[in-house]
>>> print(open('upload25.tsv').read())   # TSV, C-alpha atoms and all ligand atoms
chain	number	residue	atom	x	y	z
O	16	MET	CA	114.75	110.46	96.84
O	17	LYS	CA	117.40	107.79	96.12
O	18	HIS	CA	115.89	107.29	92.68
O	19	CYS	CA	115.92	110.99	92.01
O	20	ILE	CA	119.65	111.28	92.84
O	21	LEU	CA	120.42	108.28	90.66
O	22	LEU	CA	118.43	109.77	87.78
O	23	CYS	CA	120.23	113.13	88.09
O	24	LEU	CA	123.61	111.38	88.17
O	25	THR	CA	122.84	109.34	85.06
O	26	PHE	CA	121.71	112.50	83.27
O	27	ALA	CA	124.83	114.42	84.28
O	28	ILE	CA	127.12	111.61	83.13
O	29	SER	CA	125.41	111.33	79.75
O	30	VAL	CA	125.55	115.10	79.20
O	31	PHE	CA	129.24	115.34	80.15
O	32	SER	CA	130.28	112.36	78.05
O	33	GLY	CA	128.47	114.04	75.18
O	34	CYS	CA	130.84	117.00	75.44
O	35	SER	CA	133.85	115.18	74.05
O	36	ASN	CA	134.24	115.14	70.27
O	37	ALA	CA	134.51	111.44	69.78
O	38	GLN	CA	134.96	108.31	71.79
O	39	SER	CA	137.56	105.81	70.75
O	40	MET	CA	136.99	102.14	71.26
O	41	PRO	CA	138.06	101.18	74.79
O	42	ASP	CA	141.03	98.96	75.65
O	43	LYS	CA	142.40	98.59	72.13
O	44	LYS	CA	146.14	99.11	71.75
O	45	ILE	CA	146.72	101.03	68.54
O	46	LEU	CA	149.85	101.34	66.42
O	47	ILE	CA	149.97	103.80	63.52
O	48	VAL	CA	152.89	103.03	61.19
O	49	TYR	CA	153.48	105.24	58.20
O	50	LEU	CA	155.90	105.92	55.38
O	51	SER	CA	156.14	109.51	54.23
O	52	ARG	CA	158.63	111.47	52.15
O	53	THR	CA	156.96	114.88	51.87
O	54	ASN	CA	154.86	114.58	55.08
O	55	ASN	CA	151.35	114.29	53.60
O	56	THR	CA	150.87	110.72	54.82
O	57	LYS	CA	152.45	111.73	58.12
O	58	ALA	CA	149.76	114.42	58.51
O	59	VAL	CA	147.01	111.82	58.00
O	60	ALA	CA	148.72	109.54	60.57
O	61	GLU	CA	148.59	112.40	63.06
O	62	MET	CA	144.90	113.04	62.31
O	63	ILE	CA	144.18	109.39	63.10
O	64	GLN	CA	146.14	109.66	66.34
O	65	LYS	CA	144.24	112.82	67.30
O	66	ASN	CA	141.00	110.84	67.10
O	67	LEU	CA	142.12	107.54	68.60
O	68	GLY	CA	145.38	108.00	70.45
O	69	GLY	CA	147.92	105.23	69.92
O	70	THR	CA	151.59	105.08	69.08
O	71	VAL	CA	152.79	106.70	65.85
O	72	VAL	CA	155.91	105.31	64.18
O	73	ALA	CA	157.60	106.53	60.99
O	74	LEU	CA	159.18	103.88	58.77
O	75	GLU	CA	162.81	104.65	58.03
O	76	LEU	CA	165.25	102.76	55.88
O	77	GLN	CA	168.78	101.70	56.75
O	78	LYS	CA	169.81	103.33	53.47
O	79	PRO	CA	167.59	106.35	52.73
O	80	TYR	CA	166.26	106.95	49.21
O	81	PRO	CA	167.84	109.68	47.06
O	82	GLU	CA	166.47	113.21	47.46
O	83	ASN	CA	166.21	113.58	43.70
O	84	TYR	CA	162.72	112.74	42.40
O	85	GLN	CA	163.78	111.10	39.11
O	86	GLN	CA	166.31	108.97	40.97
O	87	ILE	CA	163.84	107.72	43.57
O	88	VAL	CA	161.27	106.94	40.86
O	89	GLN	CA	163.86	104.83	39.04
O	90	GLN	CA	165.06	103.08	42.19
O	91	VAL	CA	161.50	102.25	43.29
O	92	ALA	CA	160.68	100.93	39.79
O	93	ASP	CA	163.77	98.66	39.95
O	94	GLU	CA	162.89	97.45	43.45
O	95	ASN	CA	159.30	96.73	42.46
O	96	ALA	CA	160.47	94.82	39.38
O	97	SER	CA	162.97	92.67	41.28
O	98	GLY	CA	160.92	92.25	44.47
O	99	TYR	CA	163.74	93.76	46.54
O	100	LEU	CA	162.73	94.50	50.14
O	101	PRO	CA	164.84	97.39	51.49
O	102	PRO	CA	166.01	96.74	55.09
O	103	LEU	CA	164.30	98.93	57.70
O	104	LYS	CA	166.08	101.00	60.31
O	105	THR	CA	162.83	101.26	62.29
O	106	LYS	CA	162.20	98.60	64.91
O	107	ILE	CA	158.80	98.11	66.53
O	108	ASP	CA	158.97	97.12	70.19
O	109	SER	CA	156.71	94.21	71.13
O	110	MET	CA	154.36	94.12	68.18
O	111	GLU	CA	152.34	91.48	70.02
O	112	LYS	CA	150.86	94.08	72.38
O	113	TYR	CA	148.93	95.86	69.61
O	114	ASP	CA	145.35	94.96	68.60
O	115	VAL	CA	144.96	97.44	65.74
O	116	VAL	CA	147.68	98.42	63.27
O	117	PHE	CA	147.13	101.33	60.89
O	118	VAL	CA	149.51	101.24	57.91
O	119	GLY	CA	149.94	104.49	55.97
O	120	PHE	CA	151.83	105.01	52.73
O	121	PRO	CA	151.95	107.15	49.59
O	122	THR	CA	151.28	105.56	46.21
O	123	TRP	CA	154.62	104.92	44.52
O	124	GLY	CA	154.53	103.68	40.92
O	125	MET	CA	150.84	102.78	41.49
O	126	GLN	CA	151.94	100.22	44.11
O	127	LEU	CA	152.60	99.72	47.79
O	128	PRO	CA	156.04	101.31	48.37
O	129	PRO	CA	158.88	98.80	48.92
O	130	PRO	CA	159.54	99.91	52.56
O	131	MET	CA	155.93	99.09	53.48
O	132	LYS	CA	156.32	95.72	51.74
O	133	SER	CA	159.42	95.20	53.93
O	134	PHE	CA	157.43	96.09	57.04
O	135	LEU	CA	154.56	93.72	56.27
O	136	HIS	CA	157.00	90.90	55.45
O	137	GLN	CA	159.02	91.46	58.61
O	138	TYR	CA	156.22	91.70	61.19
O	139	ASN	CA	153.54	89.13	61.85
O	140	LEU	CA	150.18	90.91	62.07
O	141	SER	CA	148.04	87.76	62.17
O	142	GLY	CA	145.01	88.03	64.41
O	143	LYS	CA	145.18	91.82	64.41
O	144	THR	CA	142.96	94.39	62.77
O	145	VAL	CA	144.92	96.09	59.98
O	146	ILE	CA	143.72	99.42	58.56
O	147	PRO	CA	145.47	100.94	55.52
O	148	PHE	CA	145.54	104.62	54.58
O	149	ASN	CA	147.12	106.42	51.65
O	150	THR	CA	147.90	109.72	50.01
O	151	ASN	CA	148.62	110.03	46.29
O	152	ALA	CA	149.06	112.59	43.55
O	153	GLY	CA	145.53	112.07	42.24
O	154	TYR	CA	145.96	108.74	40.44
O	155	GLY	CA	144.60	106.75	43.37
O	156	VAL	CA	145.94	104.00	45.57
O	157	GLY	CA	146.76	101.61	42.70
O	158	SER	CA	147.33	98.08	43.97
O	159	GLY	CA	148.40	99.28	47.45
O	160	PHE	CA	145.37	98.14	49.46
O	161	GLN	CA	145.21	94.78	47.63
O	162	THR	CA	148.87	94.14	48.43
O	163	VAL	CA	148.26	94.93	52.11
O	164	LYS	CA	145.50	92.30	52.08
O	165	GLN	CA	147.77	89.75	50.37
O	166	LEU	CA	150.59	90.34	52.84
O	167	CYS	CA	148.25	90.11	55.86
O	168	PRO	CA	146.30	86.94	55.07
O	169	ASP	CA	145.44	86.21	58.71
O	170	SER	CA	144.50	89.75	59.71
O	171	LYS	CA	141.17	91.47	59.58
O	172	VAL	CA	141.87	94.16	56.97
O	173	LEU	CA	139.32	96.98	57.12
O	174	GLU	CA	138.29	99.53	54.47
O	175	GLY	CA	141.19	101.85	53.71
O	176	PHE	CA	141.23	105.64	53.46
O	177	TYR	CA	142.86	107.53	50.61
O	178	THR	CA	143.10	111.16	49.71
O	179	ARG	CA	144.97	113.46	47.39
O	180	GLY	CA	148.38	114.52	48.68
O	181	GLY	CA	151.25	116.26	46.91
O	182	ILE	CA	152.48	116.05	43.34
O	183	GLU	CA	156.24	115.95	43.80
O	184	ARG	CA	156.74	115.53	40.04
O	185	ASP	CA	155.30	119.04	39.62
O	186	GLY	CA	157.03	120.52	42.67
O	187	ILE	CA	153.88	120.35	44.86
O	188	MET	CA	155.07	118.88	48.14
O	189	TYR	CA	153.07	119.38	51.33
O	190	VAL	CA	149.37	120.15	50.93
O	191	MET	CA	147.88	119.26	54.33
O	192	GLN	CA	147.35	122.83	55.50
O	193	GLY	CA	144.61	125.47	55.72
O	194	ASN	CA	141.16	124.50	54.42
O	195	ASN	CA	142.48	121.34	52.84
O	196	ALA	CA	143.75	120.07	56.20
O	197	VAL	CA	140.34	120.79	57.76
O	198	GLN	CA	138.56	118.94	54.97
O	199	VAL	CA	140.87	115.90	55.08
O	200	SER	CA	140.62	115.80	58.85
O	201	ASN	CA	136.78	115.71	58.60
O	202	GLU	CA	136.99	112.91	56.02
O	203	VAL	CA	139.33	110.95	58.28
O	204	LYS	CA	136.92	111.28	61.18
O	205	LYS	CA	133.93	110.12	59.09
O	206	TRP	CA	135.94	107.15	57.83
O	207	LEU	CA	136.96	106.17	61.38
O	208	GLN	CA	133.30	106.28	62.39
O	209	ARG	CA	132.23	104.26	59.32
O	210	ILE	CA	134.71	101.47	60.08
O	211	GLY	CA	133.72	101.40	63.74
O	212	GLN	CA	136.91	102.81	65.28
O	213	ILE	CA	135.13	105.76	66.91
O	214	SER	CA	131.58	105.71	68.08
O	215	ARG	CA	129.18	108.25	66.65
O	216	ASN	CA	128.43	110.96	69.16
O	217	PRO	CA	124.68	111.52	69.52
O	218	TYR	CA	125.27	115.14	70.58
O	219	GLN	CA	126.89	116.16	67.29
O	301	LIG	C1	158.76	107.58	43.87
O	301	LIG	C2	157.38	108.18	43.80
O	301	LIG	C3	156.44	107.59	43.00
O	301	LIG	C4	155.14	108.11	42.96
O	301	LIG	N1	154.20	107.46	42.20
O	301	LIG	C5	152.92	107.90	42.22
O	301	LIG	C6	151.91	107.21	41.51
O	301	LIG	O1	152.14	106.18	40.87
O	301	LIG	N2	150.65	107.69	41.56
O	301	LIG	C7	150.32	108.80	42.28
O	301	LIG	O2	149.15	109.20	42.33
O	301	LIG	N3	151.26	109.49	42.98
O	301	LIG	C8	152.54	109.07	42.98
O	301	LIG	N4	153.50	109.74	43.70
O	301	LIG	C9	153.11	110.91	44.47
O	301	LIG	C10	152.83	110.60	45.95
O	301	LIG	O3	152.01	109.48	46.09
O	301	LIG	C11	152.14	111.78	46.63
O	301	LIG	O4	152.89	112.94	46.44
O	301	LIG	C12	151.96	111.53	48.11
O	301	LIG	O5	151.03	112.44	48.66
O	301	LIG	C13	153.26	111.65	48.86
O	301	LIG	O6	153.06	111.33	50.20
O	301	LIG	P1	154.09	111.82	51.33
O	301	LIG	O7	154.01	113.31	51.37
O	301	LIG	O8	153.57	111.19	52.58
O	301	LIG	O9	155.44	111.35	50.95
O	301	LIG	C14	154.80	109.26	43.73
O	301	LIG	C15	155.80	109.88	44.50
O	301	LIG	C16	157.07	109.35	44.55
O	301	LIG	C17	158.12	110.01	45.40
>>> encode(input="upload25.tsv", output="structure tokens", more="lines below")
Ligand SMILES: Cc1cc2nc3c(=O)[nH]c(=O)nc-3n(C[C@H](O)[C@H](O)[C@H](O)COP(=O)(O)O)c2cc1C
Amino acid sequence: MKHCILLCLTFAISVFSGCSNAQSMPDKKILIVYLSRTNNTKAVAEMIQKNLGGTVVALELQKPYPENYQQIVQQVADENASGYLPPLKTKIDSMEKYDVVFVGFPTWGMQLPPPMKSFLHQYNLSGKTVIPFNTNAGYGVGSGFQTVKQLCPDSKVLEGFYTRGGIERDGIMYVMQGNNAVQVSNEVKKWLQRIGQISRNPYQ
């Protein structure tokens, strides 16, 4: 009789746990930091949070970039050429408490944007798992993921995720809506499973 109750309980628990969409890794403190101008990278950050939970933080500068596209392109090109690291307004409370840090950014001039360079210079992520993600206008991530690796030499940097976002140059700003949002969200979930951040659910 005892055995029978135990068996039924085990069965019920396995069925109910199978009802949730995905299971995030237990006991990991997750930070999701992103830079976003037209909100495409922000949308991907929120998709990650939907799957894993964690704290989402937007990177903001002490002196914001110009609204004008040509002007920001020029300023970013100058900053990349000189190695200037723009000071951040954003402060992260007790970075030491996080185990996993997602870093999200658009491709700017085929590179890691200067504010994300500032972030990775300012905060010590050694010993943590670092996971980059990116949106771009269709030209790819450029050197962004390589630079993340270089700036986090003592972190475990996992496979990054990238997808097509807006094309501000052509007036295409936010594209993470409708069918496209559903598709990107599915890709994000598959990627998180592939890199071991959510377990595969046997009931799906
Ligand atoms: C200053 C600047 C430079 C950019 N350079 C590139 C580039 O080199 N390659 C590319 O594919 N997209 C480039 N883009 C387009 C963005 O990467 C793309 O629109 C991205 O989805 C924007 O993300 P966000 O909406 O999170 O800001 C650039 C955009 C800006 C504002």
>>> closest_atom_pairs(input="upload25.tsv", of="segment 149-191 of chain O", to="segment 202-212 of chain O", cutoff="9 Å", atoms="only C-alpha atoms", output="tab-separated table")
residue	atom	partner	partner_atom	distance
O:Leu173	CA	O:Ile210	CA	7.1
O:Glu174	CA	O:Ile210	CA	6.9
O:Gly175	CA	O:Trp206	CA	8.5
O:Phe176	CA	O:Trp206	CA	7.0
O:Thr178	CA	O:Glu202	CA	9.0
>>> closest_residue(input="upload25.tsv", among="O:Asp114, O:Gln165, O:Gly186, O:Pro102", to="Asn83 of chain O", atoms="only C-alpha atoms")
O:Gly186
>>> atom_distance(input="upload25.tsv", atom1="atom CA of Leu103 of chain O", atom2="atom CA of Phe134 of chain O")
7.5 Å
>>> closest_residue(input="upload25.tsv", among="O:Asn95, O:Pro128, O:Lys44, O:Thr122", to="Ser109 of chain O", atoms="all atoms listed in the file")
O:Lys44
>>> closest_residue(input="upload25.tsv", among="O:Gly68, O:Pro168, O:Pro130, O:Gly157", to="Asp42 of chain O", atoms="all atoms listed in the file")
O:Gly68
>>> closest_atom_pairs(input="upload25.tsv", of="chain O", to="ligand LIG 301 (chain O)", cutoff="7 Å", atoms="all atoms listed in the file", output="CSV")
residue,atom,partner,partner_atom,distance
O:Leu50,CA,O:LIG301,O8,6.4
O:Ser51,CA,O:LIG301,O8,3.5
O:Arg52,CA,O:LIG301,O9,3.4
O:Thr53,CA,O:LIG301,O7,3.4
O:Asn54,CA,O:LIG301,O7,4.0
O:Asn55,CA,O:LIG301,O7,3.6
O:Thr56,CA,O:LIG301,O8,3.5
O:Lys57,CA,O:LIG301,O8,5.7
O:Tyr84,CA,O:LIG301,C17,6.1
O:Ile87,CA,O:LIG301,C1,5.1
O:Val88,CA,O:LIG301,C1,4.0
O:Val91,CA,O:LIG301,C1,6.0
O:Phe120,CA,O:LIG301,O8,6.4
O:Pro121,CA,O:LIG301,O3,4.2
O:Thr122,CA,O:LIG301,O3,4.0
O:Trp123,CA,O:LIG301,N1,3.5
O:Gly124,CA,O:LIG301,O1,3.5
O:Met125,CA,O:LIG301,O1,3.7
O:Gln126,CA,O:LIG301,O1,6.8
O:Thr150,CA,O:LIG301,O5,4.4
O:Asn151,CA,O:LIG301,O3,3.4
O:Ala152,CA,O:LIG301,O2,3.6
O:Gly153,CA,O:LIG301,O2,4.6
O:Tyr154,CA,O:LIG301,O2,3.7
O:Gly155,CA,O:LIG301,O2,5.3
O:Val156,CA,O:LIG301,O2,6.9
O:Arg179,CA,O:LIG301,O5,6.3
O:Gly180,CA,O:LIG301,O5,3.4
O:Gly181,CA,O:LIG301,O4,3.7
O:Ile182,CA,O:LIG301,O4,4.4
O:Glu183,CA,O:LIG301,O4,5.2
O:Met188,CA,O:LIG301,O7,6.5
O:Tyr189,CA,O:LIG301,O7,6.1
>>> atom_distance(input="upload25.tsv", atom1="atom CA of Leu76 of chain O", atom2="atom CA of Ser170 of chain O")
24.8 Å
>>> closest_residue(input="upload25.tsv", among="O:Arg184, O:Tyr113, O:Lys171, O:Leu46", to="Gln86 of chain O", atoms="only C-alpha atoms")
O:Arg184
>>> atom_distance(input="upload25.tsv", atom1="atom CA of Leu127 of chain O", atom2="atom CA of Gln192 of chain O")
24.9 Å
>>> closest_residue(input="upload25.tsv", among="O:Tyr177, O:Lys143, O:Pro79, O:Gly159", to="Lys112 of chain O", atoms="only C-alpha atoms")
O:Lys143
>>> closest_residue(input="upload25.tsv", among="O:Leu135, O:Leu100, O:Ile213, O:Ile47", to="Val115 of chain O", atoms="only C-alpha atoms")
O:Ile47
>>> residues_near_point(input="upload25.tsv", point="(144.1, 97.0, 60.7)", cutoff="6 Å", atoms="all atoms listed in the file", output="ChimeraX atom specification")
/O:115-117,144-146,172-173
